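*Asks:* Quick one: this structure, given as structure tokens, is what I'll be asking you about.
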Amino acid sequence: MLQENFLTPAQIVAELDKYIIGQHEAKRHVAIALRNRWRRLHAPADMQAEIVPNNILMIGATGVGKTEIARRLAHLADAPFVKVEASKFTEVGYVGRDVESMVRDLAEQSVNRVRQRRQEEVKAQAAQAVEDLILDALIPPLRAPSKDGGAGRVNVGFSGSSENIVGDALPTSDQELNERTRERFRQKIRDGEMEDRHIEIQVAQAGPSVGVMGAPGMDEAALSGLQEMLGNMLPKKSRKRKVTVAEARKILLDEEAAKLVDMDEVKDEAIRQAENAGIIFIDEIDKVATSGGGKNGGPDVSRQGVQRDLLPIVEGSAVSTKYGIVNTDHILFIAAGAFHVSKPSDLIPELQGRFPIRVELQSLTKDDFYRILKDPKNALTKQYEALLQAEEVELTFDDAALERVAQIAFEVNAEVENIGARRLHTVMSRLLNDLLFDVPDKIGPQARIQITAELVEERLASMVKNRDLSQYIL
């Protein structure tokens, strides 16, 4: 859930600025929408149910930052987030994904987030249980004292080897000797001295999947829930595996942590988070817009059917998932599309009304490209520098080189096809591929490579020369 010291709108925009260049209007709108979620949860209780999110429609060409804004927003909110493509959905009754599946995906993602968080909280307790299991595999505890109650020598066996443990002052029973030995080996485990020792452990084995033929009209969530219930009724199987202590710790830690987590609590918390903090990003919404109101039949009718199915989800409805009912009233929906062929007004009026905030993202300029190459934390130049750093090769870029790369990317976008910032990936790949191939065979460690404007001209001359021809090549 959104934490008490949640970011202010200005702080949200500042965080987005670290990764996304330009698009200040879009950033402001999504920052306000995100802060409003925190405000609703802290509003008077009798008003919380009445405050609905202002869903956002982002309009802009491909590669201008629509998806990146939504993805970074979900990361800042630390909230359940799913990205779907509207073009993948079909009208109810047709083969394909129905629109309710986006809510089921959100519930699944939310459950995974909460479960992982709860398992992290019990990691220390789970680690203690794993230590006991490893110790039992190395030195099994005595279940009953030996008949002679004698002492002197106890043979401890594991993985085909044995150790004789003899003490000057021997305990009075095998039980005490066993306990002393176990404590000695427990310390060895903690000190990391047993990591390569092989032991046998019991590992949970996934049972056969249960096939269920649903009744006519049974939805996907009910069918999935029935399969899960029948699967839980089957006896759990396990098998023995011979692994090192280090491997056993990794395998058993997740199993033991899962046993300590109450899945009913996880599901309840996950549903609350999905309903109150969830974000669904619907990309390519323009692909289901209809020309002429869908009067032409064929694909237009199908697209309008998807819009009609989408409408109740965005308006607010109860969707059945295998984890429980999810109410979509307070889920934030962000839709995006290029709208090259269709227009936002081609969406059915009811759906337009559910996206009251409409933001147009601007096409990227040459200066934007230059800043994208230089400023963001995950800039392409920094990514390539990190890749070659792994080979102990230092890569640097001159400002003049970056300006020339930005100019070429902008010109190619203008004359061939505008794919936004994605064009920089093409240009940078063409520029650096030969260098990446030559490292480390021809260019060894400790080398320093400087990318200059002259080198950019030399490597990208053919790209600049042939860009006019590319539009005629299929």
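Letters A, B, ... go to the chains of the structure tokens in the order shown; residues in each chain start at 1; ligands are counted from 1 in the same order.
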DSSP says alpha helix (DSSP H) for which residues of segment 245-445 of chain A? Put them as a PyMOL selection string?

*Replies:* chain A and resi 245-260+263-277+299-315+349-353+366-374+380-389+399-415+422-438

*Asks:* Can you tell me, as JSON, numbers by chain, what residues are no more than 10 Å from Arg371 of chain A when counting only C-alpha atoms, ignoring any on the same chain fewer than 3 positions away?

*Replies:* {"A": [20, 21, 22, 365, 366, 367, 368, 374, 375, 376, 379, 402, 403, 406]}

*Asks:* Go ahead and save the residues from that selection, with C-alpha atoms, as a PDB file, in the first residue's frame.

*Replies:*
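Result saved to selection.pdb:
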```pdb
ATOM      1  CA  ILE A  20      12.523  10.443 -19.427  1.00  0.00           C
ATOM      2  CA  ILE A  21      13.447  13.543 -21.420  1.00  0.00           C
ATOM      3  CA  GLY A  22      10.794  16.175 -22.133  1.00  0.00           C
ATOM      4  CA  THR A 365      13.572  17.094 -31.429  1.00  0.00           C
ATOM      5  CA  LYS A 366      17.280  16.824 -32.179  1.00  0.00           C
ATOM      6  CA  ASP A 367      18.051  18.435 -28.810  1.00  0.00           C
ATOM      7  CA  ASP A 368      15.817  15.849 -27.107  1.00  0.00           C
ATOM      8  CA  LYS A 374      23.531  11.961 -22.311  1.00  0.00           C
ATOM      9  CA  ASP A 375      21.308  12.694 -19.297  1.00  0.00           C
ATOM     10  CA  PRO A 376      19.110   9.760 -18.159  1.00  0.00           C
ATOM     11  CA  ALA A 379      21.085   6.421 -21.212  1.00  0.00           C
ATOM     12  CA  LEU A 402      26.611  12.683 -29.477  1.00  0.00           C
ATOM     13  CA  GLU A 403      25.315  15.775 -31.272  1.00  0.00           C
ATOM     14  CA  ALA A 406      21.295  12.888 -32.478  1.00  0.00           C
TER      15      ALA A 406
END
```

*Asks:* Please report the interatomic distance between atom CA of Leu7 of chain A and atom CA of Glu265 of chain A in Å with one decimal.

*Replies:*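 These two atoms are separated by 27.7 Å.
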
*Asks:* For segment 329-345 of chain A, work out the shell of residues within 6 Å, counting only C-alpha atoms and skipping chain neighbours fewer than 3 positions away, then give it as a PyMOL selection string.

*Replies:* chain A and resi 52-53+55-61+275-276+278-286+316

*Asks:* Can you list, as number ranges by chain, all residues belonging to segment 310-353 of chain A that DSSP tags as strand (DSSP E)?

*Replies:* A: 318-321, 324-327, 332-337
